[in-house]
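Please read the structure below before turning to the comments.
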Amino acid sequence: MKVETSVPIKEVRPLPQELQRIAENELNEVSSRLTSDIQQIRDWINKQPHFNFEIGDQLLVSFLRCSKFSLERAKERLDRYFTIRTMAPEAFTNRDPLLPEMQAILEAGCILPLPKVANEYGPRIIVLRFSDNLNPNLMTIVNITKLSYMIQDILLREDDNAVISGILFWGYCKNFSSKYAVQLTPSNLQRHAVIEEKGFPFRMKGAYYSHLPQIFEALYNFLKFFGSEKLKQRMGLYSESNFEELFKKIPKDLLPEEFGGCNGSVKDLTVFWKDKVESYRDWFLKDENCKIDERLRPGTRKTSSEVFGLEGSFRKLDLD
């Protein structure tokens, strides 16, 4: 019996008019063909013995939209999404948000998608507060990135802006503890880069960091190394002296109130996302069972070295 990883629904959630227009004009969505496209992906899944769980219609539509309705690309991304989750247990197991170590990170408010987007149809902005709100003795990089993936799982299922218009990260890193530098090993950075770029189907619209302590600049450049030229053009580093240049990428009014914007307060956003992640607790616990069984994969089995690259190698990542 297959385990559901997203509750099957009879109808896909309707889109606001402007997002529907973007889905049709930019992502090749054809409303009259949507049911057929979903069924074709589902028929393919049912023929894959290594997929021993159910996937709901809404999640299938998210992958179709992120793949611009290329059925083959959607299949590839679905397979990769679940394969990576299977091969990165440090990131995709023990995701109970009520665990003390996860509660501490949730209460720190370090991963905060913002409520407002540009023009109501822009990409979802995600603030990464890597500052003195984090205690390196209690909150590890592994668990911080784990929470980031948990929140992106929620966005993939709930957030039509993120699915259709993409996601945009801003990392605020003032007073980020130097103790985290020893946790950000080349191997960990490489695995994170693969999970972020290959493990999720979102279109990455930008990854910008500001107020980064000097000790982390080399690590930023190391992370940037893995990206394609297109991705590198969507990354940026800003200091206190040129911080206002960031507003050319993210309008100031779309930042939280504490940073001069009007896009919610850090305090309220922290409470909202803590409650949201906790509301998914049952799903996260059940999701532990939704793993690829490589023993049943038709043809050649995938290996961790193939997915993440051999340690010490630098595998280029693609960007749509």
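The chains in the structure tokens are called A, B, ... from first to last as shown; in each chain the residues are counted from 1, and the ligands are counted from 1 in the order shown.
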
Quick one: contact table of stretch 21-94 of chain A to stretch 266-289 of chain A, 10 Å max, nearest atom pair and distance in Å to one decimal per residue, counting only C-alpha atoms, chain and number order, as CSV?
```
residue,atom,partner,partner_atom,distance
A:Asn52,CA,A:Asn289,CA,9.2
A:Phe53,CA,A:Asn289,CA,8.2
A:Arg85,CA,A:Glu288,CA,9.3
A:Thr86,CA,A:Glu288,CA,9.2
A:Pro89,CA,A:Glu288,CA,9.5
A:Phe92,CA,A:Glu288,CA,7.4
A:Thr93,CA,A:Glu288,CA,6.1
A:Asn94,CA,A:Glu288,CA,8.0
```

In stretch 17-120 of chain A, what's strand (DSSP E or B) per DSSP? Answer as number ranges by chain? A: 53-54, 111-113

Sort by chain and increasing residue number a table of all residues of stretch 25-126 of chain A within 7 Å of stretch 152-173 of chain A, each with its closest pair of atoms and their distance in Å to one decimal, counting only C-alpha atoms, and write it as a Markdown table.
```
| residue | atom | partner | partner_atom | distance |
| --- | --- | --- | --- | --- |
| A:Gln58 | CA | A:Arg157 | CA | 6.9 |
| A:Leu59 | CA | A:Arg157 | CA | 5.9 |
| A:Ser62 | CA | A:Val163 | CA | 6.1 |
| A:Arg65 | CA | A:Ile164 | CA | 6.4 |
| A:Cys66 | CA | A:Val163 | CA | 6.1 |
| A:Tyr121 | CA | A:Asn161 | CA | 6.2 |
| A:Gly122 | CA | A:Ser165 | CA | 5.7 |
| A:Pro123 | CA | A:Ser165 | CA | 4.6 |
| A:Arg124 | CA | A:Ile167 | CA | 4.7 |
| A:Ile125 | CA | A:Leu168 | CA | 4.8 |
| A:Ile126 | CA | A:Phe169 | CA | 4.9 |
```

Taking 5 positions as the minimum chain separation for residues in the same chain, which residues sit within 8 Å of stretch 232-245 of chain A when counting only C-alpha atoms? Answer as a short mmCIF file (atom, residue, chain, number, x, y, z; two decimals) with C-alpha atoms, in the first residue's frame.
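What ended up in selection_28.cif:
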```
data_model
loop_
_atom_site.label_atom_id
_atom_site.label_comp_id
_atom_site.auth_asym_id
_atom_site.auth_seq_id
_atom_site.Cartn_x
_atom_site.Cartn_y
_atom_site.Cartn_z
CA LYS A 205 15.03 34.47 -8.61
CA GLY A 206 17.84 35.65 -6.37
CA ALA A 207 20.05 34.92 -3.37
CA TYR A 208 21.42 38.05 -1.74
CA TYR A 209 23.35 38.42 1.51
CA SER A 210 24.15 41.52 3.52
CA HIS A 211 26.26 42.46 6.56
CA LEU A 212 28.24 39.24 6.19
CA LYS A 224 28.67 30.62 -5.35
CA GLY A 227 26.23 27.89 -9.56
#
```

Can you list, as an NGL selection string, every residue of stretch 25-207 of chain A that DSSP puts in alpha helix (DSSP H)? :A and (25-26 or 34-46 or 57-66 or 71-87 or 89-92 or 100-108 or 141-158 or 160-165 or 186-194)

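Atom to atom, atom CA of A:Asn137 and atom CA of A:Arg95 stand 19.5 Å apart.
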
Using atom CA of A:Asn133 and atom CA of A:Phe225 as the two end points, give the distance in Å to one decimal.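 Spanning atom CA of A:Asn133 to atom CA of A:Phe225 is a straight-line distance of 28.0 Å.
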
Select, from A:Ala88, A:Val117, A:Leu60, A:Ile38, the residue with the minimum atom-to-atom distance to A:Asp253, counting only C-alpha atoms.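 The closest residue to A:Asp253 is A:Val117.
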